[in-house]
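*Asks:* So that we are looking at the same thing, I have put the structure below in structure tokens.
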Amino acid sequence: MCFGFLGLQFGLALQNANVSRIFQTLGANLNDIPALWIAAPLTGLIVQPIVGHYSDRTWNRLGRRRPYFLAGAVFASLALLWLPNAPALWIAAGLLWILDASINVSMEPFRALVGDQLPTKQGPAGFAMQSFFIGAGAVVASLLPWSLARFGVANVAPDGGIPDTVKYAFYVGGAVLLGAVLWTMLTTREYSPAQLRSFADTVPEGLPVDVSRAVRPGLLLLVAGVMVLFAIRYFTLEREVYLLSGGLLAFGLMLTWLSRTRSRGMLREVVGDLYGMPDSMRRLAGVQLFSWFALFAMWIYTTAGVTQTIYGTSDTSSSIYNEGANWVGVLFAAYNGFGALAAIVIPFMVRRWGLRISHMVNLCLGGAGLLSFLYIRDPRWLLASMVGVGFAWASILSLPYALLSDHLPTAKMGVYMGIFNFFIVIPQVLAASILGLLLRLCFHNQPIWALGLGGFSLFIAGLCVLYVPGPGRGGSQPAGDKG
């Protein structure tokens, strides 16, 4: 059931470790990279709730979630094959958009599938198993360019060209992604909607929410968006901050529209579910905000930070830069490898300390790992930093979903898992909006400090976990059993 995540993460790991490198090689300025990256998570913000909404209502010969696995995997594989051959920066940015959208089409149903298939007591183990396959796939994917270079594949290309090590890694990634998702699709059964309703560990949908009250938060968000617009013009801020303003205005308009509309269409249902989300999801939002802000900072700036601070160069055509960039791939493989091992340990942590304390400990380990980048100057010692990052990564990919799925109605598992993605994308939009500004104003354009900010953010996320309610869903004697 979880094996397809190996393929999805294979694609994401290649993306995370190499896309900044591709953008820089094609001529992107360091300060423009966050804006180029942001199209990808913004696509997920739109795609995942829509896919969740329709997958909750799908049941055909392929099942409920599996049709979306297949469609996303096909388009993601094609994007992986084309991305390293992009002739221009704007084409590479567009292909990143397609790649991330396609992976999101597959990923959201994978999350919902675990909630569908497993009883409450097996939820943490199921999501931890996803983390294990995520880590395993990402280890191999992140190591591919470095490994290919060790086998003699060219690691340097003419100015403006992508090295063969990166190209061949993406070709392998396309094949692995499609194959792994097909394996899960062909070997996993799904419960029908009628069977799911018969299980006693399901949560009822709850009472309708009075959406007329959505006008107040909607107006507050609109005012905040306008204020940010004025701040951009008055203080001549970076154009990336327009992303923050646009996000505030968009959410403000949606909530204001929700309070007035009489529509019963898909958009009304998704926005209504967003406004009426369970309390546990609201409290997890803060945890996700600070967790994914840190991860996005790491993905964007590790290559630039390590090559500039430790290897002493920003020349993308030099051999020393490409050596440093390949070492970042090794570091990313390391944290995913440690994450795979952590996924085996996490269920034991949960049994000993519970979901909340376990997640808090893991986030603090990750914070310490990112903060250590400010002090380490031997690149080999950065492998030790990745131990903490790996534990945080495995925990972020599993324990919030275990905390959440216990409180979600089965009939809306897909749409709520998609809405939960908002709290992954919003911090990434925030990071893309303000990280460049913070580096310019506070840290003299030294990207290594973005990793320090990420470490501090993970410590705050750990504190926020303490305000999240623990598992509370139970049941009497089951009418049926999932497993």
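Ligands are numbered from 1 in the order shown, chains are lettered A, B, ... in the order of the structure tokens, and residues start at 1 in each chain.
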Write out as a list in words the residues lying within 8 Å of Leu80 (chain A), counting only C-alpha atoms and excluding same-chain residues fewer than 5 positions away.

*Replies:* Gly11, Leu99, Phe170, Tyr171, Gly173 and Gly174 of chain A

*Asks:* Would you save the residues of that selection, restricted to N, CA, C and O atoms, as a PDB file, in the first residue's frame?

*Replies:*
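Contents of result25.pdb, as written:
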ATOM      1  N   GLY A  11      10.920  11.137  -7.224  1.00  0.00           N
ATOM      2  CA  GLY A  11      10.773  12.354  -8.019  1.00  0.00           C
ATOM      3  C   GLY A  11      10.968  13.609  -7.203  1.00  0.00           C
ATOM      4  O   GLY A  11      11.659  14.550  -7.624  1.00  0.00           O
ATOM      5  N   LEU A  99       5.472  19.017 -12.873  1.00  0.00           N
ATOM      6  CA  LEU A  99       5.958  17.912 -12.058  1.00  0.00           C
ATOM      7  C   LEU A  99       5.310  17.911 -10.687  1.00  0.00           C
ATOM      8  O   LEU A  99       4.806  16.887 -10.213  1.00  0.00           O
ATOM      9  N   PHE A 170      17.546  12.017 -13.605  1.00  0.00           N
ATOM     10  CA  PHE A 170      16.138  12.315 -13.846  1.00  0.00           C
ATOM     11  C   PHE A 170      15.484  11.252 -14.740  1.00  0.00           C
ATOM     12  O   PHE A 170      14.300  10.934 -14.564  1.00  0.00           O
ATOM     13  N   TYR A 171      16.242  10.695 -15.681  1.00  0.00           N
ATOM     14  CA  TYR A 171      15.687   9.633 -16.513  1.00  0.00           C
ATOM     15  C   TYR A 171      15.353   8.403 -15.668  1.00  0.00           C
ATOM     16  O   TYR A 171      14.271   7.802 -15.816  1.00  0.00           O
ATOM     17  N   GLY A 173      14.750   8.450 -12.529  1.00  0.00           N
ATOM     18  CA  GLY A 173      13.656   8.838 -11.650  1.00  0.00           C
ATOM     19  C   GLY A 173      12.292   8.695 -12.291  1.00  0.00           C
ATOM     20  O   GLY A 173      11.330   8.252 -11.652  1.00  0.00           O
ATOM     21  N   GLY A 174      12.184   9.047 -13.568  1.00  0.00           N
ATOM     22  CA  GLY A 174      10.911   8.913 -14.253  1.00  0.00           C
ATOM     23  C   GLY A 174      10.447   7.469 -14.316  1.00  0.00           C
ATOM     24  O   GLY A 174       9.260   7.167 -14.096  1.00  0.00           O
TER      25      GLY A 174
END

*Asks:* Ranking A:Pro278, A:Pro447, A:Pro469, A:Gly72 by minimum distance to Thr309 (chain A) and counting only C-alpha atoms, which one comes first?

*Replies:* A:Pro447

*Asks:* Residues within 10 Å of Leu8 (chain A), please, as an MDAnalysis selection string. Count only C-alpha atoms; anything in the same chain fewer than 2 positions from it doesn't count.

*Replies:* chainID A and resid 3:6 10:13 69 72:73 76:77 102:104 106:107 133:134 137:138 173:174 176:178 180:181

*Asks:* Need the shell around Leu219 (chain A): protein/DNA/RNA residues with any atom at most 8 Å away, counting only C-alpha atoms. Skip same-chain ones fewer than 5 positions apart. Format as a ChimeraX atom specification?

*Replies:* /A:252-253,256

*Asks:* Out of A:Leu458, A:Trp37, A:Gly27, A:Thr410, which residue has the shortest atom-to-atom distance to Ala432 (chain A) when counting only C-alpha atoms?

*Replies:*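 Distance minimum relative to Ala432 (chain A) lands on A:Trp37.
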